[in-house]
$ cat model.txt   # compact mmCIF, C-alpha atoms
# COMPACT_ATOMS: atom_id res chain seq x y z
CA MET J 1 -16.27 -0.12 14.03
CA ASP J 2 -14.13 2.98 14.61
CA LEU J 3 -14.69 4.93 11.39
CA ASP J 4 -12.21 7.60 12.42
CA LEU J 5 -9.44 4.99 12.71
CA LEU J 6 -10.43 3.35 9.44
CA TRP J 7 -10.27 6.62 7.53
CA ARG J 8 -7.08 7.67 9.30
CA ALA J 9 -5.46 4.39 8.24
CA GLU J 10 -6.82 4.70 4.71
CA MET J 11 -5.50 8.21 4.19
CA ALA J 12 -2.13 7.32 5.75
CA CYS J 13 -1.76 4.38 3.37
CA ARG J 14 -2.57 6.60 0.38
CA ALA J 15 0.04 9.13 1.51
CA ALA J 16 2.62 6.36 1.81
CA TRP J 17 1.99 5.35 -1.82
CA PRO J 18 1.36 8.69 -3.55
CA ALA J 19 0.17 9.16 -7.12
CA GLU J 20 1.81 11.58 -9.53
CA LYS J 21 -1.53 13.29 -10.19
CA GLU J 22 -4.85 13.39 -8.35
CA SER J 23 -8.02 14.83 -9.85
CA ASP J 24 -11.39 15.52 -8.26
CA ILE J 25 -14.27 13.84 -10.05
CA CYS J 26 -17.60 14.59 -8.37
CA GLY J 27 -16.09 14.33 -4.91
CA TRP J 28 -14.05 11.19 -5.62
CA VAL J 29 -10.26 11.18 -6.16
CA ALA J 30 -8.94 9.89 -9.48
CA ARG J 31 -5.32 8.89 -8.96
CA ARG J 32 -3.07 8.55 -11.97
CA SER J 33 0.61 7.76 -12.41
CA GLY J 34 0.68 5.48 -15.43
CA GLY J 35 2.33 2.08 -15.34
CA SER J 36 0.80 -1.07 -13.93
CA ILE J 37 0.30 -0.32 -10.23
CA ARG J 38 -3.42 -0.26 -9.44
CA ARG J 39 -3.27 1.86 -6.31
CA VAL J 40 -1.99 4.89 -8.20
CA ASN J 41 -4.24 4.40 -11.23
CA SER J 42 -7.71 4.13 -9.71
CA LEU J 43 -10.68 6.11 -8.45
CA ASN J 44 -10.76 6.41 -4.66
CA GLN J 45 -13.47 7.37 -2.20
CA LEU J 46 -13.43 10.10 0.44
CA PRO J 47 -15.56 10.16 3.62
CA ASP J 48 -18.14 12.44 2.00
CA SER J 49 -18.02 11.09 -1.56
CA PRO J 50 -21.43 10.84 -3.27
CA VAL J 51 -23.09 7.71 -4.65
CA LEU J 52 -21.24 5.95 -7.45
CA ASP J 53 -23.85 6.35 -10.20
CA ASP J 54 -23.83 6.15 -14.00
CA ARG J 55 -23.15 9.87 -14.43
CA LEU J 56 -20.07 9.69 -12.24
CA ILE J 57 -18.85 6.48 -13.90
CA ASP J 58 -19.18 8.12 -17.34
CA GLN J 59 -16.84 10.90 -16.20
CA VAL J 60 -14.40 8.44 -14.67
CA GLU J 61 -14.23 6.39 -17.85
CA GLU J 62 -13.69 9.52 -19.93
CA HIS J 63 -10.96 10.69 -17.55
CA TYR J 64 -8.92 7.49 -17.74
CA ALA J 65 -9.59 7.01 -21.46
CA GLY J 66 -7.76 10.30 -21.95
CA PHE J 67 -4.63 8.53 -20.69
CA GLY J 68 -5.27 5.37 -22.69
CA GLN J 69 -6.16 3.43 -19.54
CA PRO J 70 -9.25 1.47 -18.50
CA ALA J 71 -11.17 2.92 -15.58
CA MET J 72 -10.52 1.21 -12.25
CA VAL J 73 -12.47 1.85 -9.05
CA ARG J 74 -11.10 0.97 -5.63
CA VAL J 75 -14.00 -0.20 -3.47
CA MET J 76 -13.96 -0.16 0.34
CA PRO J 77 -17.11 -1.85 1.68
CA PHE J 78 -16.84 -0.05 5.02
CA ALA J 79 -17.30 3.27 3.19
CA GLY J 80 -20.67 2.17 1.81
CA ALA J 81 -20.01 2.43 -1.94
CA SER J 82 -22.23 0.14 -4.01
CA THR J 83 -20.78 -1.80 -6.95
CA ALA J 84 -24.18 -2.33 -8.59
CA ALA J 85 -23.72 0.29 -11.32
CA LEU J 86 -20.22 -1.02 -12.08
CA SER J 87 -21.35 -4.64 -12.27
CA LYS J 88 -24.11 -3.71 -14.73
CA ARG J 89 -21.40 -2.35 -17.03
CA GLY J 90 -19.41 -5.58 -16.83
CA TYR J 91 -16.70 -4.39 -14.43
CA ARG J 92 -14.80 -7.29 -12.88
CA GLN J 93 -13.50 -7.58 -9.33
CA GLU J 94 -9.80 -8.15 -8.64
CA GLY J 95 -7.02 -7.44 -6.15
CA ALA J 96 -8.73 -8.23 -2.82
CA THR J 97 -6.61 -6.73 -0.03
CA THR J 98 -6.82 -6.52 3.77
CA THR J 99 -5.69 -3.61 5.94
CA LEU J 100 -4.06 -4.65 9.24
CA HIS J 101 -3.33 -2.60 12.36
CA ALA J 102 -1.06 -3.08 15.38
CA GLU J 103 -0.02 -1.13 18.42
CA ILE J 104 3.76 -0.76 18.43
CA ASP J 105 5.45 -2.44 21.37
CA SER J 106 8.36 -0.11 22.06
CA THR J 107 9.97 -2.72 24.33
CA ARG J 108 10.16 -5.34 21.59
CA ARG J 109 13.40 -4.86 19.70
CA ALA J 110 14.56 -7.83 17.65
CA SER J 111 18.11 -8.12 16.40
CA GLU J 112 18.88 -5.87 13.45
CA GLN J 113 22.03 -7.77 12.47
CA GLY J 114 22.37 -7.73 8.71
CA VAL J 115 19.83 -4.90 8.32
CA THR J 116 20.77 -1.72 6.46
CA VAL J 117 18.50 1.32 6.40
CA TRP J 118 18.38 4.39 4.18
CA PRO J 119 16.39 7.62 4.60
CA GLU J 120 16.02 7.94 0.83
CA PRO J 121 15.85 5.37 -1.98
CA ASN J 122 19.18 4.51 -3.53
CA GLN J 123 20.22 2.26 -6.40
CA ASP J 124 21.06 -0.70 -4.14
CA TRP J 125 17.60 -0.81 -2.56
CA LEU J 126 15.76 -0.15 -5.82
CA ALA J 127 17.72 -2.82 -7.69
CA ALA J 128 17.08 -5.34 -4.91
CA ARG J 129 13.36 -4.58 -4.85
CA ASN J 130 13.09 -4.94 -8.61
CA ARG J 131 15.00 -8.24 -8.56
CA ILE J 132 13.03 -9.70 -5.66
CA ALA J 133 9.56 -8.49 -6.66
CA ALA J 134 9.55 -7.35 -10.25
CA SER J 135 7.03 -4.55 -10.61
CA ASP J 136 7.30 -1.18 -12.31
CA PRO J 137 10.75 0.17 -11.35
CA ALA J 138 10.36 3.62 -12.91
CA MET J 139 6.98 4.11 -11.22
CA LEU J 140 8.29 2.85 -7.88
CA ARG J 141 11.24 5.25 -7.99
CA LEU J 142 8.95 8.21 -8.79
CA MET J 143 6.47 7.24 -6.10
CA LEU J 144 9.16 7.02 -3.41
CA HIS J 145 10.42 10.49 -4.29
CA LEU J 146 6.86 11.87 -4.06
CA ILE J 147 6.41 10.76 -0.45
CA GLN J 148 6.05 13.64 1.98
CA GLY J 149 7.18 13.21 5.57
CA PRO J 150 9.54 10.83 7.39
CA LYS J 151 10.35 7.58 5.60
CA LEU J 152 12.88 4.79 5.97
CA LEU J 153 13.87 1.99 3.62
CA SER J 154 15.29 -1.25 4.98
CA GLY J 155 17.15 -4.14 3.44
CA VAL J 156 18.46 -7.40 4.87
CA ALA J 157 21.56 -8.85 3.26
CA VAL J 158 22.76 -12.45 3.06
CA ASP J 159 26.38 -12.88 2.05
CA GLY J 160 26.51 -9.25 0.98
CA THR J 161 23.40 -9.33 -1.23
CA ILE J 162 20.10 -7.75 -0.21
CA GLN J 163 17.51 -10.52 -0.08
CA SER J 164 14.62 -8.82 1.76
CA VAL J 165 13.28 -5.26 1.55
CA ALA J 166 10.58 -3.01 2.96
CA TYR J 167 9.94 0.64 3.60
CA GLY J 168 7.96 2.64 6.12
CA VAL J 169 6.40 6.10 6.24
CA VAL J 170 5.06 7.90 9.31
CA VAL J 171 1.78 9.70 8.56
CA ASP J 172 -0.52 11.23 11.17
CA GLY J 173 1.15 9.27 13.96
CA LEU J 174 0.86 5.94 12.12
CA LEU J 175 3.69 3.92 10.63
CA VAL J 176 2.66 2.62 7.22
CA ILE J 177 4.67 -0.44 6.15
CA GLU J 178 4.98 -1.02 2.42
CA ALA J 179 6.71 -3.08 -0.28
CA VAL J 180 7.70 -6.01 1.97
CA ALA J 181 9.34 -8.68 -0.19
CA THR J 182 11.88 -11.48 0.23
CA ASP J 183 13.73 -13.43 -2.44
CA THR J 184 12.05 -16.81 -2.96
CA ALA J 185 15.21 -18.76 -2.16
CA HIS J 186 15.57 -17.03 1.22
CA ARG J 187 12.01 -17.14 2.54
CA GLY J 188 11.31 -18.76 5.89
CA ARG J 189 14.57 -17.53 7.41
CA GLY J 190 13.22 -14.53 9.31
CA LEU J 191 14.57 -11.90 6.91
CA ALA J 192 11.26 -10.11 6.40
CA ARG J 193 10.73 -10.11 10.16
CA LYS J 194 14.04 -8.28 10.63
CA SER J 195 13.22 -5.80 7.90
CA VAL J 196 9.77 -4.98 9.29
CA GLN J 197 10.97 -4.90 12.90
CA SER J 198 13.67 -2.37 11.99
CA LEU J 199 10.89 -0.09 10.69
CA LEU J 200 8.86 -0.58 13.86
CA ASN J 201 11.92 0.31 15.97
CA TRP J 202 12.49 3.45 13.91
CA ALA J 203 8.84 4.49 14.08
CA VAL J 204 9.00 4.73 17.87
CA SER J 205 11.70 7.39 17.51
CA GLN J 206 9.35 9.25 15.15
CA GLY J 207 6.55 9.32 17.72
CA ALA J 208 4.36 6.63 16.13
CA ALA J 209 2.43 4.42 18.53
CA ALA J 210 0.69 2.21 15.95
CA ALA J 211 1.31 0.74 12.52
CA VAL J 212 -0.78 -0.28 9.54
CA LEU J 213 -0.11 -2.28 6.41
CA GLN J 214 -2.05 -3.72 3.51
CA VAL J 215 -1.64 -7.33 2.38
CA VAL J 216 -3.15 -9.40 -0.41
CA ALA J 217 -6.11 -11.11 1.22
CA ASP J 218 -5.15 -14.68 0.31
CA ASN J 219 -1.41 -14.34 1.06
CA GLU J 220 -1.48 -16.53 4.15
CA PRO J 221 2.32 -16.78 4.67
CA ALA J 222 2.57 -12.98 4.79
CA ARG J 223 -0.46 -12.71 7.06
CA ALA J 224 1.05 -15.26 9.43
CA LEU J 225 4.24 -13.20 9.62
CA TYR J 226 2.29 -10.02 10.36
CA ARG J 227 0.18 -11.73 13.02
CA SER J 228 3.37 -12.83 14.76
CA LEU J 229 4.47 -9.18 14.78
CA GLY J 230 1.24 -8.07 16.43
CA PHE J 231 -0.89 -7.21 13.37
CA ALA J 232 -3.96 -9.05 14.63
CA ASN J 233 -6.49 -6.24 14.11
CA GLU J 234 -8.14 -6.37 10.68
CA LEU J 235 -9.39 -2.87 9.95
CA PHE J 236 -11.00 -3.20 6.52
CA ASP J 237 -10.83 -4.94 3.16
CA TYR J 238 -10.91 -3.41 -0.29
CA PHE J 239 -10.84 -4.56 -3.91
CA TYR J 240 -10.80 -3.10 -7.41
CA MET J 241 -13.41 -3.08 -10.15
CA ARG J 242 -11.86 -2.92 -13.62
CA GLN J 243 -13.62 -1.59 -16.72
CA PRO J 244 -14.06 -4.29 -19.41
CA GLN J 245 -12.16 -3.72 -22.63
CA SER J 246 -13.87 -4.19 -25.96

$ encode --input "model.txt" --output "structure tokens"
Amino acid sequence: MDLDLLWRAEMACRAAWPAEKESDICGWVARRSGGSIRRVNSLNQLPDSPVLDDRLIDQVEEHYAGFGQPAMVRVMPFAGASTAALSKRGYRQEGATTTLHAEIDSTRRASEQGVTVWPEPNQDWLAARNRIAASDPAMLRLMLHLIQGPKLLSGVAVDGTIQSVAYGVVVDGLLVIEAVATDTAHRGRGLARKSVQSLLNWAVSQGAAAAVLQVVADNEPARALYRSLGFANELFDYFYMRQPQS
């Protein structure tokens, strides 16, 4: 296991989905943006973070309670954090996710017919994303504007309407692919492949030689798509532990 690559991928993925605020709590990073997106409202580990014990958990719970939110801890088994103290408090596991990695084949350039790209989020892309994969539009807009470094948003249109979207960010020589989604009625037609491939093509021009993405662990259709694009290397899994509410 190449720990350097795992942490490089982890930190690149965090940078590609930034939180509005980050606070240090005993050597862990408490991310907070409000809304419903777990990644930007959870406690995250660093390479040298200490043991997750009751004292630390007390501070984490107090921190998030100040925002009217339950505490949520993002757990990466490769980093060695134990969930024992959380489980004793009744925390429940959710959101199992897998991080995938691929070398970018600069000679593989699929057709980009029907693909439109933007260097910054605009209303067309945001509206399409919200329609296709309803989430937290205000939070998504803020998060995209917080991204530092090169980014590109892609959309694939059918009959003039965007039916598939994704975006990519280059961080530390890695392309991070995020927010891949296709309208239910248009799945299975290769739209997501076009959208992702356009980001891979762009990343080569930005000097990236490899790409990473994170996918819900049991989303087999998405994982099959990513395998066909070369994402055969599973780097690490993670999941969340959510504080029980009385």

$ closest_atom_pairs --input "model.txt" --of "segment 29-124 of chain J" --to "segment 166-190 of chain J" --cutoff "10 Å" --atoms "all atoms listed in the file" --output "JSON lines"
{"residue": "J:His101", "atom": "CA", "partner": "J:Val176", "partner_atom": "CA", "distance": 9.5}
{"residue": "J:Ala102", "atom": "CA", "partner": "J:Leu175", "partner_atom": "CA", "distance": 9.7}
{"residue": "J:Glu103", "atom": "CA", "partner": "J:Leu174", "partner_atom": "CA", "distance": 9.5}
{"residue": "J:Ile104", "atom": "CA", "partner": "J:Leu175", "partner_atom": "CA", "distance": 9.1}
{"residue": "J:Val117", "atom": "CA", "partner": "J:Tyr167", "partner_atom": "CA", "distance": 9.0}
{"residue": "J:Trp118", "atom": "CA", "partner": "J:Tyr167", "partner_atom": "CA", "distance": 9.3}
{"residue": "J:Pro119", "atom": "CA", "partner": "J:Tyr167", "partner_atom": "CA", "distance": 9.6}
{"residue": "J:Glu120", "atom": "CA", "partner": "J:Tyr167", "partner_atom": "CA", "distance": 9.9}
{"residue": "J:Pro121", "atom": "CA", "partner": "J:Tyr167", "partner_atom": "CA", "distance": 9.4}

$ write_last_selection --input "model.txt" --atoms "C-alpha atoms" --output "compact mmCIF listing (two decimals), keeping the file's coordinate frame"
# COMPACT_ATOMS: atom_id res chain seq x y z
CA HIS J 101 -3.33 -2.60 12.36
CA ALA J 102 -1.06 -3.08 15.38
CA GLU J 103 -0.02 -1.13 18.42
CA ILE J 104 3.76 -0.76 18.43
CA VAL J 117 18.50 1.32 6.40
CA TRP J 118 18.38 4.39 4.18
CA PRO J 119 16.39 7.62 4.60
CA GLU J 120 16.02 7.94 0.83
CA PRO J 121 15.85 5.37 -1.98

$ atom_distance --input "model.txt" --atom1 "atom CA of Met76 of chain J" --atom2 "atom CA of Tyr238 of chain J"
4.5 Å

$ closest_atom_pairs --input "model.txt" --of "segment 55-113 of chain J" --to "segment 28-41 of chain J" --cutoff "10 Å" --atoms "all atoms listed in the file" --output "CSV"
residue,atom,partner,partner_atom,distance
J:Leu56,CA,J:Trp28,CA,9.1
J:Val60,CA,J:Ala30,CA,7.7
J:His63,CA,J:Ala30,CA,8.4
J:Tyr64,CA,J:Arg32,CA,8.3
J:Phe67,CA,J:Gly34,CA,8.1
J:Gly68,CA,J:Gly34,CA,9.4
J:Gln69,CA,J:Gly34,CA,8.2
J:Pro70,CA,J:Asn41,CA,9.3
J:Ala71,CA,J:Asn41,CA,8.3
J:Met72,CA,J:Asn41,CA,7.1
J:Val73,CA,J:Ala30,CA,8.8
J:Arg74,CA,J:Arg39,CA,7.9
J:Gly95,CA,J:Arg38,CA,8.7

$ atom_distance --input "model.txt" --atom1 "atom CA of Glu94 of chain J" --atom2 "atom CA of Met241 of chain J"
6.4 Å

$ closest_residue --input "model.txt" --among "J:Pro137, J:Pro18, J:Gly149, J:Gly155" --to "Leu191 of chain J" --atoms "all atoms listed in the file"
J:Gly155

$ atom_distance --input "model.txt" --atom1 "atom CA of Arg141 of chain J" --atom2 "atom CA of Leu126 of chain J"
7.4 Å

$ residues_around --input "model.txt" --residues "Ala157 of chain J" --least-positions-apart "4" --cutoff "9 Å" --atoms "only C-alpha atoms" --output "MDAnalysis selection string"
chainID J and resid 114:116 161:164 191

$ residues_around --input "model.txt" --residues "Ala232 of chain J" --least-positions-apart "4" --cutoff "12 Å" --atoms "all atoms listed in the file" --output "PyMOL selection string"
chain J and resi 98-104+211-213+223-228

$ closest_residue --input "model.txt" --among "J:Ala79, J:Arg89, J:Ala138, J:Glu22" --to "Asp54 of chain J" --atoms "all atoms listed in the file"
J:Arg89

$ closest_residue --input "model.txt" --among "J:Leu3, J:Ala9, J:Ala19, J:Asp58" --to "His145 of chain J" --atoms "all atoms listed in the file"
J:Ala19

$ closest_residue --input "model.txt" --among "J:Val156, J:Ala217, J:Leu43, J:Met11" --to "Arg129 of chain J" --atoms "all atoms listed in the file"
J:Val156

$ closest_residue --input "model.txt" --among "J:Val215, J:Cys26, J:Ala133, J:Leu229" --to "Leu200 of chain J" --atoms "all atoms listed in the file"
J:Leu229

$ closest_residue --input "model.txt" --among "J:Gln214, J:Gln245, J:Ser195, J:Ser82" --to "Cys13 of chain J" --atoms "all atoms listed in the file"
J:Gln214

$ residues_near_point --input "model.txt" --point "(-12.8, 0.6, 13.2)" --cutoff "12 Å" --atoms "only C-alpha atoms" --output "NGL selection string"
:J and (1-10 or 78-79 or 99-101 or 233-237)

$ decode --input "model.txt" --residues "segment 180-206 of chain J" --atoms "N, CA and C atoms" --output "short mmCIF file (atom, residue, chain, number, x, y, z; two decimals), in the first residue's frame"
data_model
loop_
_atom_site.label_atom_id
_atom_site.label_comp_id
_atom_site.auth_asym_id
_atom_site.auth_seq_id
_atom_site.Cartn_x
_atom_site.Cartn_y
_atom_site.Cartn_z
N VAL J 180 -20.40 13.56 -11.13
CA VAL J 180 -20.84 12.92 -12.37
C VAL J 180 -22.29 12.47 -12.22
N ALA J 181 -23.15 12.90 -13.13
CA ALA J 181 -24.57 12.54 -13.04
C ALA J 181 -25.20 12.63 -14.42
N THR J 182 -26.12 11.70 -14.69
CA THR J 182 -26.84 11.67 -15.96
C THR J 182 -28.33 11.52 -15.68
N ASP J 183 -29.13 12.24 -16.42
CA ASP J 183 -30.58 12.14 -16.28
C ASP J 183 -31.02 10.68 -16.46
N THR J 184 -31.93 10.23 -15.61
CA THR J 184 -32.35 8.83 -15.62
C THR J 184 -32.81 8.37 -16.99
N ALA J 185 -33.53 9.20 -17.70
CA ALA J 185 -34.08 8.81 -19.01
C ALA J 185 -33.01 8.67 -20.09
N HIS J 186 -31.80 9.15 -19.82
CA HIS J 186 -30.75 9.15 -20.84
C HIS J 186 -29.55 8.30 -20.43
N ARG J 187 -29.69 7.49 -19.41
CA ARG J 187 -28.57 6.64 -18.99
C ARG J 187 -28.38 5.48 -19.97
N GLY J 188 -27.17 4.97 -20.01
CA GLY J 188 -26.87 3.86 -20.90
C GLY J 188 -26.61 4.27 -22.33
N ARG J 189 -26.45 5.57 -22.58
CA ARG J 189 -26.23 6.06 -23.94
C ARG J 189 -24.82 6.65 -24.12
N GLY J 190 -23.97 6.48 -23.13
CA GLY J 190 -22.60 6.94 -23.25
C GLY J 190 -22.38 8.40 -22.95
N LEU J 191 -23.38 9.08 -22.38
CA LEU J 191 -23.25 10.52 -22.11
C LEU J 191 -22.24 10.79 -21.01
N ALA J 192 -22.32 10.02 -19.93
CA ALA J 192 -21.36 10.22 -18.83
C ALA J 192 -19.94 9.93 -19.30
N ARG J 193 -19.78 8.94 -20.15
CA ARG J 193 -18.46 8.63 -20.69
C ARG J 193 -17.89 9.84 -21.42
N LYS J 194 -18.70 10.49 -22.23
CA LYS J 194 -18.24 11.68 -22.97
C LYS J 194 -17.85 12.80 -22.00
N SER J 195 -18.70 12.99 -20.99
CA SER J 195 -18.44 14.06 -20.04
C SER J 195 -17.13 13.83 -19.29
N VAL J 196 -16.92 12.61 -18.80
CA VAL J 196 -15.70 12.29 -18.06
C VAL J 196 -14.49 12.33 -18.98
N GLN J 197 -14.63 11.78 -20.18
CA GLN J 197 -13.49 11.76 -21.10
C GLN J 197 -13.06 13.17 -21.47
N SER J 198 -14.00 14.10 -21.59
CA SER J 198 -13.62 15.48 -21.91
C SER J 198 -12.75 16.07 -20.80
N LEU J 199 -13.02 15.67 -19.54
CA LEU J 199 -12.21 16.14 -18.42
C LEU J 199 -10.83 15.50 -18.45
N LEU J 200 -10.77 14.22 -18.81
CA LEU J 200 -9.47 13.55 -18.92
C LEU J 200 -8.64 14.20 -20.03
N ASN J 201 -9.26 14.52 -21.16
CA ASN J 201 -8.54 15.17 -22.25
C ASN J 201 -7.97 16.51 -21.79
N TRP J 202 -8.79 17.28 -21.08
CA TRP J 202 -8.37 18.60 -20.59
C TRP J 202 -7.23 18.48 -19.59
N ALA J 203 -7.31 17.46 -18.73
CA ALA J 203 -6.31 17.31 -17.67
C ALA J 203 -4.92 17.11 -18.23
N VAL J 204 -4.81 16.45 -19.37
CA VAL J 204 -3.50 16.27 -19.99
C VAL J 204 -2.87 17.62 -20.30
N SER J 205 -3.69 18.55 -20.78
CA SER J 205 -3.16 19.89 -21.09
C SER J 205 -2.76 20.65 -19.84
N GLN J 206 -3.25 20.20 -18.68
CA GLN J 206 -2.91 20.83 -17.40
C GLN J 206 -1.75 20.13 -16.70
#
